[in-house]
Amino acid sequence: MVNNQEVASVLQKVRQANPLVHNITNVVVTNFTANGLLALGASPVMAYAKEEVADMAKIAGALVLNIGTLNPTEVEAMIIAGKEANEAGVPVIFDPVGAGATPYRTETARNIAGAVQVSVIRGNAAEIANTIGEAWAIKGVDAGEGSGDVVSLAKNAAKRLKTVVAITGKEDVVTDGNTTYIIRNGHPILTKVTGTGCLLTSVIGAFAAVERDVLKAAAAALVSYGVAAEMAAKKAGEQGPGSFQIAFLDALSRVGADEIHQYGRIEQGE
Ligand SMILES: Nc1ncnc2c1ncn2[C@@H]1O[C@H](COP(=O)(O)OP(=O)(O)O)[C@@H](O)[C@H]1O
Ligand SMILES: Cc1ncsc1CCOP(=O)(O)O
Ligand SMILES: [Mg+2]
């Protein structure tokens with residue numbers, strides 16, 4: 001059972017170990033991701049060339065693959081890096097950004113999830129549903145065929161992909177298909193800053209680099225990230241997304257055991 005104490009202890013391990021996180025990510029979020037990882041206490045590197053990704057991936061604590069601005073050359077590099085990470089026992093975290101938006105994106109998300117043994121896949125409900133080939137409509141908004149509940153979608157995806165699945169949104173759900181946690185942290189202003197989902201995926205990488213229990217690592221990352229967002233929103237949220245973005249980087253560097261114990265809202269689901 002992951003509780004706030006365990007969350008705080010994994011967060012502390014990240015700060016102590018300063019893990020190297022190799023990101024092959026999108027052009028929108030590169031700088032924000034690097035600064036967010038640094039603020040948290042991890043060590044980011046971005047490396048994309050197929051000539052070097054295998055060498056970088058095998059010395060990293062985690063590899064993050066993100067298809068936000070994908071192209072064939074980059075996808076080729078992601079698969080090379082992913083396979084090398086698998087060989088070396090380095091956890092691979094996958095963000096299928098925009099799966100479902102275009103056939104190329106959907107196909108690529110499925111190809112990567114098939115070619116690479118992914119430790120955690122993190123996305124919103126539509127991205128996860130499209131990666132496993134399920135129709136998805138948001139309950140109450142477009143409750144057509146295929147709409148369903150996020151927990152069962154996450155469990156289905158975990159079983160199909162044989163990986164830990166994190167579906168984020170107002171509430172986050174993380175599961176390995178058997179054990180499930182619901183995390184009720186975060187703030188709506190996160191949706192007004194681009195890259196907060198992508199940075200979260202890389203933060204899960206930092207946690208997975210220091211904690212072998214991948215479900216625990218992902219749950220701890222989600223709580224720590226959500227609590228940091230609440231700290232930042234309190235400080236700067238009223239001023240708007242620009243001030244929030246900066247305050248959020250500060251909060252990632254400041255969030256610690258006290259704040260996790262006070263504000264962490266994690267519970268085990270069905
Ligand atoms: N309405 C909301 N209230 C609180 N937190 C939210 C809300 N929507 C998203 N978040 C948080 O924002 C972060 C990014 O998640 P999300 O917006 O789902 O990613 P993406 O940008 O990839 O779609 C997560 O920490 C998530 O918990
Ligand atoms: C706007 C945009 N376009 C392609 S990738 C990207 C960033 C998406 O970031 P996030 O999923 O974290 O909001
Ligand atoms: Mg995203």
# chains A, B, ... in the order shown; residues from 1 in each chain; ligands from 1
$ residues_near_ligand --ligand "ligand 1" --cutoff "9 Å" --atoms "only C-alpha atoms and all ligand atoms" --output "JSON list (two decimals) with N, CA and C atoms, in the first residue's frame"
[["chain", "number", "residue", "atom", "x", "y", "z"],
["A", 95, "ASP", "N", 4.94, 8.45, -23.25],
["A", 95, "ASP", "CA", 3.83, 9.41, -23.31],
["A", 95, "ASP", "C", 3.30, 9.45, -24.75],
["A", 96, "PRO", "N", 2.15, 8.84, -24.99],
["A", 96, "PRO", "CA", 1.61, 8.77, -26.36],
["A", 96, "PRO", "C", 0.84, 10.05, -26.71],
["A", 97, "VAL", "N", 1.53, 11.17, -26.71],
["A", 97, "VAL", "CA", 0.87, 12.48, -26.89],
["A", 97, "VAL", "C", 0.02, 12.48, -28.16],
["A", 98, "GLY", "N", -1.24, 12.81, -28.00],
["A", 98, "GLY", "CA", -2.12, 12.99, -29.15],
["A", 98, "GLY", "C", -2.52, 11.71, -29.85],
["A", 122, "ARG", "N", 1.95, 6.95, -19.65],
["A", 122, "ARG", "CA", 1.20, 8.02, -18.98],
["A", 122, "ARG", "C", 0.55, 8.91, -20.02],
["A", 123, "GLY", "N", -0.75, 9.10, -19.89],
["A", 123, "GLY", "CA", -1.44, 10.00, -20.80],
["A", 123, "GLY", "C", -2.81, 10.34, -20.27],
["A", 124, "ASN", "N", -3.55, 11.14, -21.03],
["A", 124, "ASN", "CA", -4.94, 11.37, -20.63],
["A", 124, "ASN", "C", -5.77, 10.18, -21.14],
["A", 125, "ALA", "N", -7.04, 10.15, -20.76],
["A", 125, "ALA", "CA", -7.86, 8.97, -21.04],
["A", 125, "ALA", "C", -7.95, 8.68, -22.53],
["A", 126, "ALA", "N", -8.11, 9.72, -23.34],
["A", 126, "ALA", "CA", -8.27, 9.50, -24.79],
["A", 126, "ALA", "C", -6.99, 8.91, -25.37],
["A", 127, "GLU", "N", -5.84, 9.40, -24.93],
["A", 127, "GLU", "CA", -4.57, 8.88, -25.46],
["A", 127, "GLU", "C", -4.36, 7.42, -25.11],
["A", 167, "ILE", "N", -3.32, 7.28, -15.91],
["A", 167, "ILE", "CA", -4.23, 8.16, -16.66],
["A", 167, "ILE", "C", -4.46, 9.39, -15.80],
["A", 168, "THR", "N", -4.12, 10.54, -16.35],
["A", 168, "THR", "CA", -4.22, 11.78, -15.57],
["A", 168, "THR", "C", -5.39, 12.64, -16.05],
["A", 169, "GLY", "N", -5.76, 13.56, -15.18],
["A", 169, "GLY", "CA", -6.87, 14.47, -15.43],
["A", 169, "GLY", "C", -7.21, 15.12, -14.10],
["A", 170, "LYS", "N", -8.48, 15.43, -13.88],
["A", 170, "LYS", "CA", -8.87, 16.03, -12.60],
["A", 170, "LYS", "C", -8.43, 15.11, -11.45],
["A", 171, "GLU", "N", -8.66, 13.82, -11.65],
["A", 171, "GLU", "CA", -8.11, 12.82, -10.73],
["A", 171, "GLU", "C", -7.17, 11.94, -11.54],
["A", 172, "ASP", "N", -6.12, 11.46, -10.89],
["A", 172, "ASP", "CA", -5.20, 10.56, -11.59],
["A", 172, "ASP", "C", -5.46, 9.12, -11.13],
["A", 183, "ILE", "N", -5.38, 9.35, -7.19],
["A", 183, "ILE", "CA", -4.68, 10.50, -6.60],
["A", 183, "ILE", "C", -5.50, 11.76, -6.89],
["A", 184, "ARG", "N", -5.85, 12.45, -5.81],
["A", 184, "ARG", "CA", -6.69, 13.65, -5.98],
["A", 184, "ARG", "C", -5.90, 14.90, -5.61],
["A", 185, "ASN", "N", -4.81, 15.09, -6.29],
["A", 185, "ASN", "CA", -4.02, 16.32, -6.13],
["A", 185, "ASN", "C", -3.98, 17.04, -7.47],
["A", 186, "GLY", "N", -3.30, 18.19, -7.48],
["A", 186, "GLY", "CA", -3.22, 18.95, -8.73],
["A", 186, "GLY", "C", -4.11, 20.17, -8.69],
["A", 187, "HIS", "N", -4.17, 20.89, -9.80],
["A", 187, "HIS", "CA", -4.96, 22.13, -9.88],
["A", 187, "HIS", "C", -5.34, 22.35, -11.34],
["A", 188, "PRO", "N", -6.55, 22.86, -11.60],
["A", 188, "PRO", "CA", -6.96, 23.05, -13.00],
["A", 188, "PRO", "C", -6.04, 23.96, -13.81],
["A", 189, "ILE", "N", -5.32, 24.85, -13.16],
["A", 189, "ILE", "CA", -4.45, 25.76, -13.93],
["A", 189, "ILE", "C", -3.32, 24.99, -14.64],
["A", 190, "LEU", "N", -3.06, 23.77, -14.21],
["A", 190, "LEU", "CA", -2.06, 22.93, -14.92],
["A", 190, "LEU", "C", -2.44, 22.78, -16.39],
["A", 191, "THR", "N", -3.73, 22.83, -16.70],
["A", 191, "THR", "CA", -4.17, 22.64, -18.09],
["A", 191, "THR", "C", -3.96, 23.90, -18.93],
["A", 192, "LYS", "N", -3.55, 24.98, -18.29],
["A", 192, "LYS", "CA", -3.31, 26.24, -19.02],
["A", 192, "LYS", "C", -1.83, 26.49, -19.30],
["A", 193, "VAL", "N", -1.01, 25.53, -18.92],
["A", 193, "VAL", "CA", 0.43, 25.63, -19.21],
["A", 193, "VAL", "C", 0.81, 24.42, -20.05],
["A", 194, "THR", "N", 1.36, 24.66, -21.24],
["A", 194, "THR", "CA", 1.69, 23.53, -22.09],
["A", 194, "THR", "C", 2.87, 22.74, -21.51],
["A", 195, "GLY", "N", 2.80, 21.46, -21.65],
["A", 195, "GLY", "CA", 3.91, 20.63, -21.20],
["A", 195, "GLY", "C", 3.79, 20.10, -19.80],
["A", 196, "THR", "N", 2.71, 20.41, -19.10],
["A", 196, "THR", "CA", 2.64, 19.90, -17.72],
["A", 196, "THR", "C", 2.39, 18.39, -17.71],
["A", 197, "GLY", "N", 1.73, 17.88, -18.74],
["A", 197, "GLY", "CA", 1.58, 16.43, -18.85],
["A", 197, "GLY", "C", 2.92, 15.79, -19.22],
["A", 198, "CYS", "N", 3.59, 16.40, -20.19],
["A", 198, "CYS", "CA", 4.88, 15.85, -20.65],
["A", 198, "CYS", "C", 5.92, 15.88, -19.52],
["A", 199, "LEU", "N", 5.99, 16.98, -18.80],
["A", 199, "LEU", "CA", 6.94, 17.06, -17.68],
["A", 199, "LEU", "C", 6.61, 15.98, -16.65],
["A", 200, "LEU", "N", 5.33, 15.78, -16.39],
["A", 200, "LEU", "CA", 4.94, 14.74, -15.43],
["A", 200, "LEU", "C", 5.46, 13.37, -15.88],
["A", 201, "THR", "N", 5.36, 13.07, -17.16],
["A", 201, "THR", "CA", 5.87, 11.79, -17.65],
["A", 201, "THR", "C", 7.36, 11.65, -17.36],
["A", 222, "LEU", "N", 3.09, 11.02, -9.07],
["A", 222, "LEU", "CA", 1.81, 11.73, -9.27],
["A", 222, "LEU", "C", 1.44, 12.57, -8.06],
["A", 223, "VAL", "N", 1.63, 12.00, -6.87],
["A", 223, "VAL", "CA", 1.29, 12.76, -5.65],
["A", 223, "VAL", "C", 2.22, 13.96, -5.50],
["A", 225, "TYR", "N", 3.94, 15.59, -7.65],
["A", 225, "TYR", "CA", 3.70, 16.58, -8.72],
["A", 225, "TYR", "C", 2.42, 17.37, -8.43],
["A", 226, "GLY", "N", 1.38, 16.65, -8.04],
["A", 226, "GLY", "CA", 0.10, 17.31, -7.75],
["A", 226, "GLY", "C", 0.20, 18.25, -6.56],
["A", 227, "VAL", "N", 0.92, 17.81, -5.54],
["A", 227, "VAL", "CA", 1.08, 18.67, -4.35],
["A", 227, "VAL", "C", 1.89, 19.91, -4.71],
["A", 229, "ALA", "N", 1.98, 21.36, -7.55],
["A", 229, "ALA", "CA", 1.08, 22.23, -8.32],
["A", 229, "ALA", "C", 0.16, 23.02, -7.38],
["A", 230, "GLU", "N", -0.31, 22.37, -6.33],
["A", 230, "GLU", "CA", -1.18, 23.07, -5.37],
["A", 230, "GLU", "C", -0.40, 24.18, -4.65]]
$ select_by_dssp --residues "stretch 48-135 of chain A" --states "strand (DSSP E)" --output "list in words"
Ala62, Leu63, Val64, Leu65, Asn66, Val92, Ile93, Phe94, Asp95, Val120, Ile121, Arg122 and Gly123 of chain A
$ closest_residue --among "A:Ser243, A:Asn71, A:Ser224, A:Asn26" --to "ligand 3" --atoms "only C-alpha atoms and all ligand atoms"
A:Asn26
$ closest_residue --among "A:Met56, A:Ala115, A:Gly68, A:Ala220" --to "ligand 2" --atoms "only C-alpha atoms and all ligand atoms"
A:Gly68
$ closest_residue --among "A:Ala39, A:Ala209, A:Leu70, A:Ala34" --to "ligand 2" --atoms "only C-alpha atoms and all ligand atoms"
A:Leu70
$ closest_residue --among "A:Val120, A:Val28, A:Ala247, A:Ala158" --to "ligand 2" --atoms "only C-alpha atoms and all ligand atoms"
A:Val28
$ closest_residue --among "A:Leu63, A:Glu267, A:Thr25, A:Tyr48" --to "ligand 3" --atoms "only C-alpha atoms and all ligand atoms"
A:Thr25
$ decode --residues "stretch 3-79 of chain A" --atoms "C-alpha atoms" --output "PDB file, in the first residue's frame"
ATOM      1  CA  ASN A   3       0.814   6.073   1.464  1.00  0.00           C
ATOM      2  CA  ASN A   4       2.143   9.593   1.971  1.00  0.00           C
ATOM      3  CA  GLN A   5       5.108   8.310   3.961  1.00  0.00           C
ATOM      4  CA  GLU A   6       6.203   6.088   1.069  1.00  0.00           C
ATOM      5  CA  VAL A   7       5.644   8.948  -1.376  1.00  0.00           C
ATOM      6  CA  ALA A   8       7.899  11.230   0.685  1.00  0.00           C
ATOM      7  CA  SER A   9      10.548   8.553   0.948  1.00  0.00           C
ATOM      8  CA  VAL A  10      10.726   7.974  -2.839  1.00  0.00           C
ATOM      9  CA  LEU A  11      10.832  11.750  -3.403  1.00  0.00           C
ATOM     10  CA  GLN A  12      13.771  11.959  -1.025  1.00  0.00           C
ATOM     11  CA  LYS A  13      15.529   9.154  -2.912  1.00  0.00           C
ATOM     12  CA  VAL A  14      15.198  11.168  -6.137  1.00  0.00           C
ATOM     13  CA  ARG A  15      16.883  14.160  -4.489  1.00  0.00           C
ATOM     14  CA  GLN A  16      19.656  12.003  -3.040  1.00  0.00           C
ATOM     15  CA  ALA A  17      20.372  10.025  -6.202  1.00  0.00           C
ATOM     16  CA  ASN A  18      19.979  12.856  -8.750  1.00  0.00           C
ATOM     17  CA  PRO A  19      19.129  10.306 -11.474  1.00  0.00           C
ATOM     18  CA  LEU A  20      19.971  10.866 -15.132  1.00  0.00           C
ATOM     19  CA  VAL A  21      16.764  10.946 -17.181  1.00  0.00           C
ATOM     20  CA  HIS A  22      17.203  10.551 -20.944  1.00  0.00           C
ATOM     21  CA  ASN A  23      14.330  12.259 -22.780  1.00  0.00           C
ATOM     22  CA  ILE A  24      13.412  11.900 -26.427  1.00  0.00           C
ATOM     23  CA  THR A  25      10.598  14.396 -26.293  1.00  0.00           C
ATOM     24  CA  ASN A  26       8.781  17.040 -28.286  1.00  0.00           C
ATOM     25  CA  VAL A  27      10.046  20.464 -29.332  1.00  0.00           C
ATOM     26  CA  VAL A  28       7.300  22.303 -27.414  1.00  0.00           C
ATOM     27  CA  VAL A  29       8.263  21.103 -23.947  1.00  0.00           C
ATOM     28  CA  THR A  30      11.997  20.465 -24.090  1.00  0.00           C
ATOM     29  CA  ASN A  31      13.172  23.422 -22.002  1.00  0.00           C
ATOM     30  CA  PHE A  32      10.338  23.190 -19.493  1.00  0.00           C
ATOM     31  CA  THR A  33      11.002  19.466 -19.052  1.00  0.00           C
ATOM     32  CA  ALA A  34      14.717  19.998 -18.455  1.00  0.00           C
ATOM     33  CA  ASN A  35      14.076  22.787 -15.949  1.00  0.00           C
ATOM     34  CA  GLY A  36      11.327  20.829 -14.190  1.00  0.00           C
ATOM     35  CA  LEU A  37      13.585  17.789 -13.758  1.00  0.00           C
ATOM     36  CA  LEU A  38      16.418  19.974 -12.499  1.00  0.00           C
ATOM     37  CA  ALA A  39      14.120  21.724 -10.029  1.00  0.00           C
ATOM     38  CA  LEU A  40      12.905  18.383  -8.717  1.00  0.00           C
ATOM     39  CA  GLY A  41      16.470  17.155  -8.176  1.00  0.00           C
ATOM     40  CA  ALA A  42      16.976  14.935 -11.226  1.00  0.00           C
ATOM     41  CA  SER A  43      19.456  15.281 -14.036  1.00  0.00           C
ATOM     42  CA  PRO A  44      17.932  15.746 -17.514  1.00  0.00           C
ATOM     43  CA  VAL A  45      19.495  15.015 -20.863  1.00  0.00           C
ATOM     44  CA  MET A  46      17.917  15.281 -24.291  1.00  0.00           C
ATOM     45  CA  ALA A  47      19.550  13.166 -27.027  1.00  0.00           C
ATOM     46  CA  TYR A  48      17.877  12.322 -30.306  1.00  0.00           C
ATOM     47  CA  ALA A  49      20.402  11.148 -32.897  1.00  0.00           C
ATOM     48  CA  LYS A  50      20.083   7.462 -33.741  1.00  0.00           C
ATOM     49  CA  GLU A  51      23.897   7.340 -33.650  1.00  0.00           C
ATOM     50  CA  GLU A  52      23.939   8.064 -29.893  1.00  0.00           C
ATOM     51  CA  VAL A  53      20.567   7.226 -28.330  1.00  0.00           C
ATOM     52  CA  ALA A  54      21.502   3.640 -27.461  1.00  0.00           C
ATOM     53  CA  ASP A  55      24.666   4.743 -25.653  1.00  0.00           C
ATOM     54  CA  MET A  56      22.788   7.425 -23.739  1.00  0.00           C
ATOM     55  CA  ALA A  57      19.822   5.220 -22.855  1.00  0.00           C
ATOM     56  CA  LYS A  58      21.951   2.484 -21.332  1.00  0.00           C
ATOM     57  CA  ILE A  59      23.732   4.825 -18.922  1.00  0.00           C
ATOM     58  CA  ALA A  60      20.530   6.625 -17.877  1.00  0.00           C
ATOM     59  CA  GLY A  61      18.401   5.886 -14.820  1.00  0.00           C
ATOM     60  CA  ALA A  62      15.292   6.084 -17.020  1.00  0.00           C
ATOM     61  CA  LEU A  63      14.368   6.677 -20.652  1.00  0.00           C
ATOM     62  CA  VAL A  64      11.354   8.839 -21.539  1.00  0.00           C
ATOM     63  CA  LEU A  65       9.753   8.534 -24.993  1.00  0.00           C
ATOM     64  CA  ASN A  66       7.278  11.265 -25.987  1.00  0.00           C
ATOM     65  CA  ILE A  67       5.694  11.469 -29.461  1.00  0.00           C
ATOM     66  CA  GLY A  68       4.388  15.057 -29.184  1.00  0.00           C
ATOM     67  CA  THR A  69       6.101  16.300 -32.362  1.00  0.00           C
ATOM     68  CA  LEU A  70       7.000  12.967 -33.888  1.00  0.00           C
ATOM     69  CA  ASN A  71       8.664  12.318 -37.233  1.00  0.00           C
ATOM     70  CA  PRO A  72       9.972   9.079 -38.744  1.00  0.00           C
ATOM     71  CA  THR A  73      13.627   9.765 -37.877  1.00  0.00           C
ATOM     72  CA  GLU A  74      12.785  10.456 -34.251  1.00  0.00           C
ATOM     73  CA  VAL A  75      10.490   7.446 -33.984  1.00  0.00           C
ATOM     74  CA  GLU A  76      13.307   5.241 -35.321  1.00  0.00           C
ATOM     75  CA  ALA A  77      15.601   6.661 -32.635  1.00  0.00           C
ATOM     76  CA  MET A  78      12.963   6.055 -29.940  1.00  0.00           C
ATOM     77  CA  ILE A  79      12.734   2.378 -30.843  1.00  0.00           C
TER      78      ILE A  79
END
